[in-house]
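K.L.:
Structure supplied as target_3.pdb; contents: PDB, C-alpha atoms, pLDDT in the B column.
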```
ATOM      1  CA  MET A   1     -11.647  26.020 -33.782  1.00 39.00           C
ATOM      2  CA  SER A   2     -12.259  26.706 -37.443  1.00 44.00           C
ATOM      3  CA  GLY A   3     -14.140  29.370 -39.287  1.00 55.00           C
ATOM      4  CA  ARG A   4     -14.538  33.072 -38.679  1.00 64.00           C
ATOM      5  CA  THR A   5     -18.024  32.690 -37.191  1.00 65.00           C
ATOM      6  CA  ASP A   6     -16.891  30.134 -34.585  1.00 89.00           C
ATOM      7  CA  LEU A   7     -13.924  32.288 -33.633  1.00 92.00           C
ATOM      8  CA  LEU A   8     -16.133  35.354 -33.330  1.00 94.00           C
ATOM      9  CA  LEU A   9     -18.657  33.633 -31.071  1.00 95.00           C
ATOM     10  CA  TYR A  10     -15.965  32.067 -28.939  1.00 94.00           C
ATOM     11  CA  CYS A  11     -14.284  35.419 -28.390  1.00 96.00           C
ATOM     12  CA  LYS A  12     -17.607  36.936 -27.377  1.00 97.00           C
ATOM     13  CA  VAL A  13     -18.094  34.248 -24.742  1.00 97.00           C
ATOM     14  CA  ARG A  14     -14.513  34.610 -23.510  1.00 97.00           C
ATOM     15  CA  ALA A  15     -14.923  38.367 -23.124  1.00 98.00           C
ATOM     16  CA  GLU A  16     -18.012  37.907 -20.946  1.00 97.00           C
ATOM     17  CA  VAL A  17     -16.609  35.059 -18.856  1.00 98.00           C
ATOM     18  CA  TYR A  18     -13.343  36.839 -18.124  1.00 98.00           C
ATOM     19  CA  ALA A  19     -15.183  40.033 -17.220  1.00 98.00           C
ATOM     20  CA  LEU A  20     -17.314  38.066 -14.750  1.00 97.00           C
ATOM     21  CA  LEU A  21     -14.296  36.407 -13.139  1.00 98.00           C
ATOM     22  CA  ALA A  22     -12.389  39.697 -12.984  1.00 97.00           C
ATOM     23  CA  GLY A  23     -15.240  41.248 -11.039  1.00 96.00           C
ATOM     24  CA  LEU A  24     -15.322  38.375  -8.549  1.00 97.00           C
ATOM     25  CA  TYR A  25     -11.611  38.749  -7.793  1.00 96.00           C
ATOM     26  CA  LEU A  26     -11.780  42.521  -7.460  1.00 94.00           C
ATOM     27  CA  ASP A  27     -14.920  42.727  -5.280  1.00 94.00           C
ATOM     28  CA  PRO A  28     -17.085  40.168  -3.469  1.00 95.00           C
ATOM     29  CA  PRO A  29     -20.445  39.558  -5.158  1.00 96.00           C
ATOM     30  CA  ASP A  30     -23.468  41.510  -3.971  1.00 95.00           C
ATOM     31  CA  ASP A  31     -26.979  40.132  -3.523  1.00 95.00           C
ATOM     32  CA  ALA A  32     -27.900  40.610  -7.185  1.00 96.00           C
ATOM     33  CA  ARG A  33     -24.778  38.847  -8.498  1.00 96.00           C
ATOM     34  CA  LEU A  34     -25.137  35.984  -6.064  1.00 96.00           C
ATOM     35  CA  ALA A  35     -28.801  35.566  -7.021  1.00 95.00           C
ATOM     36  CA  VAL A  36     -27.826  35.184 -10.677  1.00 95.00           C
ATOM     37  CA  MET A  37     -25.166  32.627  -9.786  1.00 96.00           C
ATOM     38  CA  ARG A  38     -27.607  30.649  -7.631  1.00 95.00           C
ATOM     39  CA  HIS A  39     -29.864  29.976 -10.619  1.00 94.00           C
ATOM     40  CA  PRO A  40     -29.488  26.293 -11.577  1.00 92.00           C
ATOM     41  CA  ASP A  41     -28.627  27.249 -15.150  1.00 96.00           C
ATOM     42  CA  PHE A  42     -25.508  29.121 -14.037  1.00 96.00           C
ATOM     43  CA  VAL A  43     -23.608  25.920 -13.317  1.00 96.00           C
ATOM     44  CA  ALA A  44     -25.571  23.586 -15.602  1.00 96.00           C
ATOM     45  CA  GLU A  45     -25.091  25.789 -18.675  1.00 96.00           C
ATOM     46  CA  TRP A  46     -21.635  27.202 -17.954  1.00 97.00           C
ATOM     47  CA  PRO A  47     -20.421  27.999 -21.478  1.00 96.00           C
ATOM     48  CA  LEU A  48     -16.637  27.643 -21.449  1.00 96.00           C
ATOM     49  CA  GLY A  49     -14.138  24.861 -20.787  1.00 96.00           C
ATOM     50  CA  ARG A  50     -16.655  22.081 -20.182  1.00 96.00           C
ATOM     51  CA  GLY A  51     -15.016  18.688 -19.901  1.00 96.00           C
ATOM     52  CA  GLN A  52     -11.723  20.125 -18.635  1.00 97.00           C
ATOM     53  CA  ALA A  53     -10.937  18.579 -15.227  1.00 98.00           C
ATOM     54  CA  ASP A  54     -10.220  21.814 -13.354  1.00 98.00           C
ATOM     55  CA  VAL A  55     -13.275  23.555 -14.784  1.00 98.00           C
ATOM     56  CA  GLU A  56     -15.537  20.663 -13.816  1.00 98.00           C
ATOM     57  CA  ARG A  57     -14.029  20.485 -10.335  1.00 98.00           C
ATOM     58  CA  GLY A  58     -14.551  24.204  -9.867  1.00 98.00           C
ATOM     59  CA  LEU A  59     -18.159  23.990 -11.022  1.00 98.00           C
ATOM     60  CA  ALA A  60     -18.735  21.123  -8.574  1.00 97.00           C
ATOM     61  CA  PHE A  61     -17.431  23.291  -5.715  1.00 97.00           C
ATOM     62  CA  LEU A  62     -19.795  26.061  -6.781  1.00 97.00           C
ATOM     63  CA  ALA A  63     -22.778  23.736  -7.139  1.00 96.00           C
ATOM     64  CA  GLY A  64     -22.230  22.593  -3.562  1.00 96.00           C
ATOM     65  CA  SER A  65     -21.780  26.041  -2.054  1.00 96.00           C
ATOM     66  CA  LEU A  66     -24.176  28.338  -3.921  1.00 95.00           C
ATOM     67  CA  PRO A  67     -27.547  27.101  -2.585  1.00 93.00           C
ATOM     68  CA  GLU A  68     -26.749  27.923   1.057  1.00 90.00           C
ATOM     69  CA  ILE A  69     -24.024  30.550   1.014  1.00 93.00           C
ATOM     70  CA  SER A  70     -24.791  34.077   2.192  1.00 94.00           C
ATOM     71  CA  VAL A  71     -23.450  37.363   0.878  1.00 95.00           C
ATOM     72  CA  ALA A  72     -21.912  37.995   4.286  1.00 96.00           C
ATOM     73  CA  ALA A  73     -20.048  34.677   4.222  1.00 96.00           C
ATOM     74  CA  VAL A  74     -18.687  35.309   0.719  1.00 96.00           C
ATOM     75  CA  ARG A  75     -17.640  38.813   1.670  1.00 95.00           C
ATOM     76  CA  GLU A  76     -15.798  37.582   4.755  1.00 94.00           C
ATOM     77  CA  GLU A  77     -14.043  34.904   2.718  1.00 95.00           C
ATOM     78  CA  PHE A  78     -13.081  37.389   0.007  1.00 96.00           C
ATOM     79  CA  TRP A  79     -11.335  39.708   2.454  1.00 94.00           C
ATOM     80  CA  ARG A  80      -9.647  36.870   4.283  1.00 94.00           C
ATOM     81  CA  LEU A  81      -8.312  35.351   1.058  1.00 96.00           C
ATOM     82  CA  PHE A  82      -7.490  38.413  -1.032  1.00 94.00           C
ATOM     83  CA  GLY A  83      -8.038  41.510   1.029  1.00 82.00           C
ATOM     84  CA  THR A  84      -5.696  44.256   2.120  1.00 63.00           C
ATOM     85  CA  LEU A  85      -7.067  44.655   5.651  1.00 55.00           C
ATOM     86  CA  GLY A  86      -4.605  42.029   6.862  1.00 63.00           C
ATOM     87  CA  PRO A  87      -2.315  39.311   5.502  1.00 83.00           C
ATOM     88  CA  ALA A  88      -3.970  37.697   2.477  1.00 93.00           C
ATOM     89  CA  ALA A  89      -4.297  33.915   2.802  1.00 96.00           C
ATOM     90  CA  ALA A  90      -4.118  33.613  -0.997  1.00 96.00           C
ATOM     91  CA  PRO A  91      -2.325  36.677  -2.386  1.00 94.00           C
ATOM     92  CA  PRO A  92      -3.812  37.546  -5.813  1.00 95.00           C
ATOM     93  CA  TRP A  93      -0.684  39.298  -7.149  1.00 94.00           C
ATOM     94  CA  GLN A  94       1.771  37.781  -9.589  1.00 94.00           C
ATOM     95  CA  SER A  95       4.738  39.507  -7.962  1.00 92.00           C
ATOM     96  CA  VAL A  96       4.210  37.658  -4.666  1.00 92.00           C
ATOM     97  CA  TYR A  97       4.855  34.353  -6.435  1.00 94.00           C
ATOM     98  CA  LEU A  98       7.450  35.301  -9.040  1.00 94.00           C
ATOM     99  CA  ASP A  99       9.311  38.456  -8.064  1.00 88.00           C
ATOM    100  CA  ARG A 100      12.718  37.892  -6.512  1.00 78.00           C
ATOM    101  CA  GLU A 101      11.811  40.167  -3.607  1.00 71.00           C
ATOM    102  CA  ARG A 102       8.244  38.784  -3.305  1.00 67.00           C
ATOM    103  CA  THR A 103       6.919  42.337  -3.009  1.00 70.00           C
ATOM    104  CA  LEU A 104       4.320  44.391  -4.840  1.00 67.00           C
ATOM    105  CA  MET A 105       5.339  46.890  -7.516  1.00 68.00           C
ATOM    106  CA  GLY A 106       8.507  44.968  -8.360  1.00 77.00           C
ATOM    107  CA  GLU A 107       9.834  43.577 -11.633  1.00 87.00           C
ATOM    108  CA  GLU A 108       6.837  41.323 -12.289  1.00 90.00           C
ATOM    109  CA  THR A 109       4.376  44.158 -11.775  1.00 89.00           C
ATOM    110  CA  LEU A 110       6.277  46.295 -14.264  1.00 90.00           C
ATOM    111  CA  ARG A 111       6.395  43.464 -16.812  1.00 93.00           C
ATOM    112  CA  VAL A 112       2.614  43.140 -16.707  1.00 94.00           C
ATOM    113  CA  ARG A 113       2.237  46.913 -16.944  1.00 93.00           C
ATOM    114  CA  ALA A 114       4.428  46.944 -20.073  1.00 95.00           C
ATOM    115  CA  LEU A 115       2.159  44.355 -21.710  1.00 96.00           C
ATOM    116  CA  TYR A 116      -0.902  46.488 -21.054  1.00 95.00           C
ATOM    117  CA  ALA A 117       0.838  49.577 -22.402  1.00 94.00           C
ATOM    118  CA  ARG A 118       1.532  47.888 -25.740  1.00 95.00           C
ATOM    119  CA  PHE A 119      -2.232  47.778 -26.249  1.00 96.00           C
ATOM    120  CA  GLY A 120      -2.842  51.295 -24.935  1.00 93.00           C
ATOM    121  CA  LEU A 121      -4.215  50.099 -21.614  1.00 91.00           C
ATOM    122  CA  ALA A 122      -3.411  50.885 -17.991  1.00 82.00           C
ATOM    123  CA  ALA A 123      -4.746  49.433 -14.750  1.00 75.00           C
ATOM    124  CA  GLU A 124      -7.011  51.599 -12.646  1.00 69.00           C
ATOM    125  CA  ARG A 125      -5.361  52.573  -9.405  1.00 63.00           C
ATOM    126  CA  ALA A 126      -6.980  51.347  -6.204  1.00 57.00           C
ATOM    127  CA  VAL A 127      -5.781  50.202  -2.792  1.00 54.00           C
ATOM    128  CA  GLY A 128      -4.240  46.758  -3.145  1.00 59.00           C
ATOM    129  CA  VAL A 129      -5.009  46.536  -6.863  1.00 75.00           C
ATOM    130  CA  THR A 130      -1.815  46.721  -8.890  1.00 86.00           C
ATOM    131  CA  ASP A 131      -1.221  45.775 -12.510  1.00 92.00           C
ATOM    132  CA  ASP A 132      -0.315  42.171 -11.656  1.00 94.00           C
ATOM    133  CA  HIS A 133      -3.497  41.455  -9.647  1.00 94.00           C
ATOM    134  CA  ILE A 134      -5.331  38.448 -11.108  1.00 96.00           C
ATOM    135  CA  GLY A 135      -8.521  40.489 -11.468  1.00 95.00           C
ATOM    136  CA  VAL A 136      -6.752  43.151 -13.513  1.00 95.00           C
ATOM    137  CA  GLN A 137      -5.123  40.559 -15.756  1.00 97.00           C
ATOM    138  CA  LEU A 138      -8.552  39.027 -16.318  1.00 97.00           C
ATOM    139  CA  GLN A 139      -9.863  42.469 -17.272  1.00 96.00           C
ATOM    140  CA  PHE A 140      -7.048  42.701 -19.809  1.00 96.00           C
ATOM    141  CA  LEU A 141      -7.958  39.320 -21.321  1.00 98.00           C
ATOM    142  CA  SER A 142     -11.608  40.342 -21.464  1.00 98.00           C
ATOM    143  CA  GLU A 143     -10.834  43.661 -23.142  1.00 97.00           C
ATOM    144  CA  LEU A 144      -8.581  42.091 -25.767  1.00 98.00           C
ATOM    145  CA  ALA A 145     -11.196  39.426 -26.477  1.00 98.00           C
ATOM    146  CA  ARG A 146     -13.809  42.180 -26.922  1.00 98.00           C
ATOM    147  CA  ARG A 147     -11.490  44.078 -29.263  1.00 97.00           C
ATOM    148  CA  ALA A 148     -10.867  40.895 -31.240  1.00 97.00           C
ATOM    149  CA  VAL A 149     -14.624  40.594 -31.735  1.00 97.00           C
ATOM    150  CA  ASP A 150     -14.698  44.145 -33.099  1.00 97.00           C
ATOM    151  CA  ARG A 151     -11.796  43.410 -35.461  1.00 96.00           C
ATOM    152  CA  LEU A 152     -13.387  40.201 -36.719  1.00 95.00           C
ATOM    153  CA  GLU A 153     -16.721  41.922 -37.305  1.00 95.00           C
ATOM    154  CA  ALA A 154     -14.859  44.598 -39.260  1.00 96.00           C
ATOM    155  CA  GLY A 155     -13.141  41.957 -41.397  1.00 94.00           C
ATOM    156  CA  ASP A 156      -9.707  42.790 -39.978  1.00 96.00           C
ATOM    157  CA  GLY A 157      -8.172  39.354 -39.546  1.00 93.00           C
ATOM    158  CA  ASP A 158      -4.662  40.675 -38.958  1.00 95.00           C
ATOM    159  CA  GLY A 159      -5.867  43.048 -36.250  1.00 96.00           C
ATOM    160  CA  ALA A 160      -7.753  40.245 -34.516  1.00 96.00           C
ATOM    161  CA  ARG A 161      -4.702  38.022 -34.737  1.00 96.00           C
ATOM    162  CA  ALA A 162      -2.510  40.605 -32.993  1.00 97.00           C
ATOM    163  CA  LEU A 163      -5.024  40.727 -30.143  1.00 97.00           C
ATOM    164  CA  LEU A 164      -5.049  36.936 -29.830  1.00 97.00           C
ATOM    165  CA  VAL A 165      -1.258  36.998 -29.645  1.00 97.00           C
ATOM    166  CA  GLY A 166      -1.489  39.480 -26.764  1.00 98.00           C
ATOM    167  CA  GLN A 167      -3.893  37.220 -24.911  1.00 98.00           C
ATOM    168  CA  ARG A 168      -1.645  34.207 -25.400  1.00 98.00           C
ATOM    169  CA  GLU A 169       1.288  36.198 -24.040  1.00 98.00           C
ATOM    170  CA  CYS A 170      -0.710  37.209 -20.966  1.00 98.00           C
ATOM    171  CA  LEU A 171      -1.444  33.553 -20.262  1.00 98.00           C
ATOM    172  CA  GLU A 172       1.932  32.019 -21.076  1.00 97.00           C
ATOM    173  CA  ALA A 173       4.315  34.732 -19.861  1.00 97.00           C
ATOM    174  CA  HIS A 174       2.275  35.738 -16.838  1.00 97.00           C
ATOM    175  CA  LEU A 175      -0.808  33.964 -15.480  1.00 98.00           C
ATOM    176  CA  LEU A 176       0.054  30.327 -16.127  1.00 98.00           C
ATOM    177  CA  ARG A 177       3.417  30.750 -14.420  1.00 97.00           C
ATOM    178  CA  TRP A 178       1.837  31.261 -10.997  1.00 98.00           C
ATOM    179  CA  VAL A 179      -1.920  30.763 -10.853  1.00 98.00           C
ATOM    180  CA  HIS A 180      -1.653  27.052  -9.979  1.00 98.00           C
ATOM    181  CA  ARG A 181       0.103  28.055  -6.742  1.00 98.00           C
ATOM    182  CA  PHE A 182      -2.509  30.724  -6.083  1.00 98.00           C
ATOM    183  CA  VAL A 183      -5.302  28.158  -6.539  1.00 98.00           C
ATOM    184  CA  GLU A 184      -3.656  25.793  -4.061  1.00 98.00           C
ATOM    185  CA  LYS A 185      -3.615  28.557  -1.452  1.00 97.00           C
ATOM    186  CA  VAL A 186      -7.267  29.444  -2.121  1.00 98.00           C
ATOM    187  CA  GLU A 187      -8.377  25.834  -1.768  1.00 97.00           C
ATOM    188  CA  ALA A 188      -6.353  25.369   1.423  1.00 97.00           C
ATOM    189  CA  ALA A 189      -7.802  28.465   3.098  1.00 96.00           C
ATOM    190  CA  ALA A 190     -11.342  28.665   1.658  1.00 95.00           C
ATOM    191  CA  GLU A 191     -14.189  27.492   3.872  1.00 92.00           C
ATOM    192  CA  THR A 192     -17.363  28.038   1.872  1.00 92.00           C
ATOM    193  CA  GLY A 193     -16.443  26.365  -1.426  1.00 94.00           C
ATOM    194  CA  PHE A 194     -17.337  29.507  -3.359  1.00 97.00           C
ATOM    195  CA  TYR A 195     -13.904  30.930  -4.049  1.00 98.00           C
ATOM    196  CA  ALA A 196     -12.352  27.457  -4.151  1.00 98.00           C
ATOM    197  CA  GLY A 197     -14.680  26.825  -7.078  1.00 98.00           C
ATOM    198  CA  ILE A 198     -13.983  30.147  -8.765  1.00 98.00           C
ATOM    199  CA  ALA A 199     -10.212  29.690  -8.439  1.00 98.00           C
ATOM    200  CA  ARG A 200     -10.104  26.095  -9.657  1.00 98.00           C
ATOM    201  CA  MET A 201     -12.363  26.945 -12.586  1.00 98.00           C
ATOM    202  CA  THR A 202     -10.158  29.927 -13.451  1.00 98.00           C
ATOM    203  CA  LEU A 203      -7.093  27.698 -13.700  1.00 98.00           C
ATOM    204  CA  GLY A 204      -8.955  25.299 -15.976  1.00 98.00           C
ATOM    205  CA  LEU A 205     -10.136  28.117 -18.201  1.00 98.00           C
ATOM    206  CA  PHE A 206      -6.599  29.451 -18.563  1.00 98.00           C
ATOM    207  CA  ARG A 207      -5.387  26.010 -19.593  1.00 97.00           C
ATOM    208  CA  THR A 208      -8.135  25.473 -22.149  1.00 96.00           C
ATOM    209  CA  ASP A 209      -7.777  29.026 -23.421  1.00 96.00           C
ATOM    210  CA  ARG A 210      -4.084  28.544 -24.106  1.00 96.00           C
ATOM    211  CA  GLN A 211      -4.969  25.527 -26.256  1.00 95.00           C
ATOM    212  CA  PHE A 212      -7.679  27.511 -28.022  1.00 93.00           C
ATOM    213  CA  LEU A 213      -5.326  30.397 -28.788  1.00 95.00           C
ATOM    214  CA  GLU A 214      -2.607  28.093 -30.050  1.00 94.00           C
ATOM    215  CA  GLY A 215      -5.095  26.471 -32.420  1.00 92.00           C
ATOM    216  CA  ALA A 216      -6.580  29.769 -33.580  1.00 92.00           C
ATOM    217  CA  LEU A 217      -3.152  31.288 -34.232  1.00 93.00           C
ATOM    218  CA  ALA A 218      -2.007  28.204 -36.144  1.00 89.00           C
ATOM    219  CA  GLU A 219      -4.667  28.895 -38.757  1.00 79.00           C
ATOM    220  CA  PRO A 220      -4.185  31.477 -41.526  1.00 69.00           C
ATOM    221  CA  ALA A 221      -5.561  34.941 -40.792  1.00 58.00           C
ATOM    222  CA  ARG A 222      -9.193  35.257 -41.888  1.00 50.00           C
ATOM    223  CA  THR A 223     -10.841  38.331 -43.294  1.00 45.00           C
TER     224      THR A 223
END
```
What would you get if you wrote out this structure as structure tokens?
P.N.:
Amino acid sequence: MSGRTDLLLYCKVRAEVYALLAGLYLDPPDDARLAVMRHPDFVAEWPLGRGQADVERGLAFLAGSLPEISVAAVREEFWRLFGTLGPAAAPPWQSVYLDRERTLMGEETLRVRALYARFGLAAERAVGVTDDHIGVQLQFLSELARRAVDRLEAGDGDGARALLVGQRECLEAHLLRWVHRFVEKVEAAAETGFYAGIARMTLGLFRTDRQFLEGALAEPART
């Protein structure tokens, strides 16, 4: 990645993609969202991480499931995998995988909360949605990418760089330490192919994004 314009456009795409994925982990898609995803261009023109093995595998899962899947089937799968109405087949919380006690609101949850606080952010409180939920961490990545766009458009290279550092920390110190295990659980328990595709693609995007951020931060700050 070289040049301010390329970095700006890439951050814009990242902000949108991470916002989309965050929404899919926090709530099952409704009819309107699923209709958009069923359009052939959604998979064919997916804008981020193309060529990465996990991204391509995830897109293949989606291409196979989207034409026939119903909103009801996706909703049932969402609650079975991630929901709080019973034991989650694929718990979406970092603390379940990394905390010594394997419980919510433990050390790992507080570590993620401290990262958000450094950027003046806090997770919205909802049943089953704590700071270390994958959807909330995706919201954080999306928000910092959006802020980086604002800083770049304002000519504030140092400000944008600080936001990229925060995103890299979220990936390296948090998400990439556990999401591979989460994806394995999703794929083992998913039946429709929809969330298996979303999860596998998410892992691939995190891996490619870490490489992107390392490259962007290796370059001198641009104004």
K.L.:
Report as a PDB file with C-alpha atoms, keeping the file's coordinate frame the full result of the PyMOL selection byres ((chain A and resi 66) around 12) when it is applied to this structure.
P.N.:
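Printed below is result_4.pdb as written:
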```pdb
ATOM      1  CA  PRO A  29     -20.445  39.558  -5.158  1.00 96.00           C
ATOM      2  CA  ARG A  33     -24.778  38.847  -8.498  1.00 96.00           C
ATOM      3  CA  LEU A  34     -25.137  35.984  -6.064  1.00 96.00           C
ATOM      4  CA  ALA A  35     -28.801  35.566  -7.021  1.00 95.00           C
ATOM      5  CA  VAL A  36     -27.826  35.184 -10.677  1.00 95.00           C
ATOM      6  CA  MET A  37     -25.166  32.627  -9.786  1.00 96.00           C
ATOM      7  CA  ARG A  38     -27.607  30.649  -7.631  1.00 95.00           C
ATOM      8  CA  HIS A  39     -29.864  29.976 -10.619  1.00 94.00           C
ATOM      9  CA  PRO A  40     -29.488  26.293 -11.577  1.00 92.00           C
ATOM     10  CA  PHE A  42     -25.508  29.121 -14.037  1.00 96.00           C
ATOM     11  CA  VAL A  43     -23.608  25.920 -13.317  1.00 96.00           C
ATOM     12  CA  LEU A  59     -18.159  23.990 -11.022  1.00 98.00           C
ATOM     13  CA  ALA A  60     -18.735  21.123  -8.574  1.00 97.00           C
ATOM     14  CA  PHE A  61     -17.431  23.291  -5.715  1.00 97.00           C
ATOM     15  CA  LEU A  62     -19.795  26.061  -6.781  1.00 97.00           C
ATOM     16  CA  ALA A  63     -22.778  23.736  -7.139  1.00 96.00           C
ATOM     17  CA  GLY A  64     -22.230  22.593  -3.562  1.00 96.00           C
ATOM     18  CA  SER A  65     -21.780  26.041  -2.054  1.00 96.00           C
ATOM     19  CA  PRO A  67     -27.547  27.101  -2.585  1.00 93.00           C
ATOM     20  CA  GLU A  68     -26.749  27.923   1.057  1.00 90.00           C
ATOM     21  CA  ILE A  69     -24.024  30.550   1.014  1.00 93.00           C
ATOM     22  CA  SER A  70     -24.791  34.077   2.192  1.00 94.00           C
ATOM     23  CA  VAL A  71     -23.450  37.363   0.878  1.00 95.00           C
ATOM     24  CA  ALA A  73     -20.048  34.677   4.222  1.00 96.00           C
ATOM     25  CA  VAL A  74     -18.687  35.309   0.719  1.00 96.00           C
ATOM     26  CA  THR A 192     -17.363  28.038   1.872  1.00 92.00           C
ATOM     27  CA  GLY A 193     -16.443  26.365  -1.426  1.00 94.00           C
ATOM     28  CA  PHE A 194     -17.337  29.507  -3.359  1.00 97.00           C
ATOM     29  CA  TYR A 195     -13.904  30.930  -4.049  1.00 98.00           C
ATOM     30  CA  ALA A 196     -12.352  27.457  -4.151  1.00 98.00           C
ATOM     31  CA  GLY A 197     -14.680  26.825  -7.078  1.00 98.00           C
ATOM     32  CA  ILE A 198     -13.983  30.147  -8.765  1.00 98.00           C
TER      33      ILE A 198
END
```
K.L.:
Could you check the closest approach to Ala189 in chain A for each of A:Leu171, A:Ala218, A:Ala90, A:Cys11 and tell me which residue wins, using all atoms listed in the file?
P.N.:
A:Ala90
K.L.:
Work out how far CA of Ala145 in chain A is from CA of Gln94 in chain A, in Å to one decimal.
P.N.:
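So the two atoms, CA of Gln94 in chain A and CA of Ala145 in chain A, lie 21.4 Å apart.
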K.L.:
Would you compute the distance between CA of Leu9 in chain A and CA of Ala53 in chain A? Give it in Å to one decimal.
P.N.:
23.2 Å
K.L.:
For CA of Arg168 in chain A and CA of Thr202 in chain A, quote the distance in Å rounded to one decimal.
P.N.:
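Going from CA of Arg168 in chain A over to CA of Thr202 in chain A covers 15.3 Å.
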K.L.:
Applied to this file, what does the PyMOL selection byres ((chain A and resi 89) around 12) return in terms of residues, put as a VMD selection string?
P.N.:
chain A and resid 77 to 88 90 to 93 96 182 to 191
K.L.:
Next, the residues of the selection above should be written as a compact mmCIF listing (two decimals), keeping the file's coordinate frame with C-alpha atoms.
P.N.:
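selection-v1.txt, written as the output of this step:
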```txt
# COMPACT_ATOMS: atom_id res chain seq x y z
CA GLU A 77 -14.04 34.90 2.72
CA PHE A 78 -13.08 37.39 0.01
CA TRP A 79 -11.34 39.71 2.45
CA ARG A 80 -9.65 36.87 4.28
CA LEU A 81 -8.31 35.35 1.06
CA PHE A 82 -7.49 38.41 -1.03
CA GLY A 83 -8.04 41.51 1.03
CA THR A 84 -5.70 44.26 2.12
CA LEU A 85 -7.07 44.66 5.65
CA GLY A 86 -4.61 42.03 6.86
CA PRO A 87 -2.32 39.31 5.50
CA ALA A 88 -3.97 37.70 2.48
CA ALA A 90 -4.12 33.61 -1.00
CA PRO A 91 -2.33 36.68 -2.39
CA PRO A 92 -3.81 37.55 -5.81
CA TRP A 93 -0.68 39.30 -7.15
CA VAL A 96 4.21 37.66 -4.67
CA PHE A 182 -2.51 30.72 -6.08
CA VAL A 183 -5.30 28.16 -6.54
CA GLU A 184 -3.66 25.79 -4.06
CA LYS A 185 -3.62 28.56 -1.45
CA VAL A 186 -7.27 29.44 -2.12
CA GLU A 187 -8.38 25.83 -1.77
CA ALA A 188 -6.35 25.37 1.42
CA ALA A 189 -7.80 28.46 3.10
CA ALA A 190 -11.34 28.66 1.66
CA GLU A 191 -14.19 27.49 3.87
```
K.L.:
Could you name the residues that touch Arg113 in chain A at 8 Å or less, counting only C-alpha atoms, but leaving out those on the same chain fewer than 5 positions away, as a PDB file with C-alpha atoms, keeping the file's coordinate frame?
P.N.:
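Saved as result.pdb:
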```pdb
ATOM      1  CA  ALA A 122      -3.411  50.885 -17.991  1.00 82.00           C
ATOM      2  CA  ALA A 123      -4.746  49.433 -14.750  1.00 75.00           C
ATOM      3  CA  ASP A 131      -1.221  45.775 -12.510  1.00 92.00           C
ATOM      4  CA  ASP A 132      -0.315  42.171 -11.656  1.00 94.00           C
TER       5      ASP A 132
END
```
K.L.:
With the PyMOL selection byres ((chain A and resi 22) around 10) as the selection, what would be picked from this file? Answer as a compact mmCIF listing (two decimals) with C-alpha atoms, in the coordinates of the input, please.
P.N.:
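Saved to expr39.txt:
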```txt
# COMPACT_ATOMS: atom_id res chain seq x y z
CA GLU A 16 -18.01 37.91 -20.95
CA VAL A 17 -16.61 35.06 -18.86
CA TYR A 18 -13.34 36.84 -18.12
CA ALA A 19 -15.18 40.03 -17.22
CA LEU A 20 -17.31 38.07 -14.75
CA LEU A 21 -14.30 36.41 -13.14
CA GLY A 23 -15.24 41.25 -11.04
CA LEU A 24 -15.32 38.38 -8.55
CA TYR A 25 -11.61 38.75 -7.79
CA LEU A 26 -11.78 42.52 -7.46
CA ASP A 27 -14.92 42.73 -5.28
CA HIS A 133 -3.50 41.46 -9.65
CA ILE A 134 -5.33 38.45 -11.11
CA GLY A 135 -8.52 40.49 -11.47
CA VAL A 136 -6.75 43.15 -13.51
CA GLN A 137 -5.12 40.56 -15.76
CA LEU A 138 -8.55 39.03 -16.32
CA GLN A 139 -9.86 42.47 -17.27
CA PHE A 140 -7.05 42.70 -19.81
CA LEU A 141 -7.96 39.32 -21.32
CA SER A 142 -11.61 40.34 -21.46
```
K.L.:
Here's a test: counting only C-alpha atoms, identify every protein, DNA and RNA residue with an atom at most 7 Å from (-7.2, 33.4, -20.6) in the file's coordinate frame, and state them as a ChimeraX atom specification.
P.N.:
/A:141,167,171,205-206,209-210
K.L.:
Please write the residues from the selection above to a file, keeping C-alpha atoms, as a PDB file, keeping the file's coordinate frame.
P.N.:
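Contents of out-v3.pdb, as written:
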```pdb
ATOM      1  CA  LEU A 141      -7.958  39.320 -21.321  1.00 98.00           C
ATOM      2  CA  GLN A 167      -3.893  37.220 -24.911  1.00 98.00           C
ATOM      3  CA  LEU A 171      -1.444  33.553 -20.262  1.00 98.00           C
ATOM      4  CA  LEU A 205     -10.136  28.117 -18.201  1.00 98.00           C
ATOM      5  CA  PHE A 206      -6.599  29.451 -18.563  1.00 98.00           C
ATOM      6  CA  ASP A 209      -7.777  29.026 -23.421  1.00 96.00           C
ATOM      7  CA  ARG A 210      -4.084  28.544 -24.106  1.00 96.00           C
TER       8      ARG A 210
END
```
K.L.:
Here is a test: counting all atoms listed in the file, which residue of A:Ala72, A:Val149, A:Val129, A:Ala32 is nearest to Leu8 in chain A?
P.N.:
A:Val149
K.L.:
Let me make sure I understand: among A:Trp46, A:Tyr116, A:Tyr97, A:Phe212, which one has the smallest atom-to-atom distance to Leu164 in chain A if we use all atoms listed in the file?
P.N.:
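Counting all atoms listed in the file, the residue closest to Leu164 in chain A is A:Phe212.
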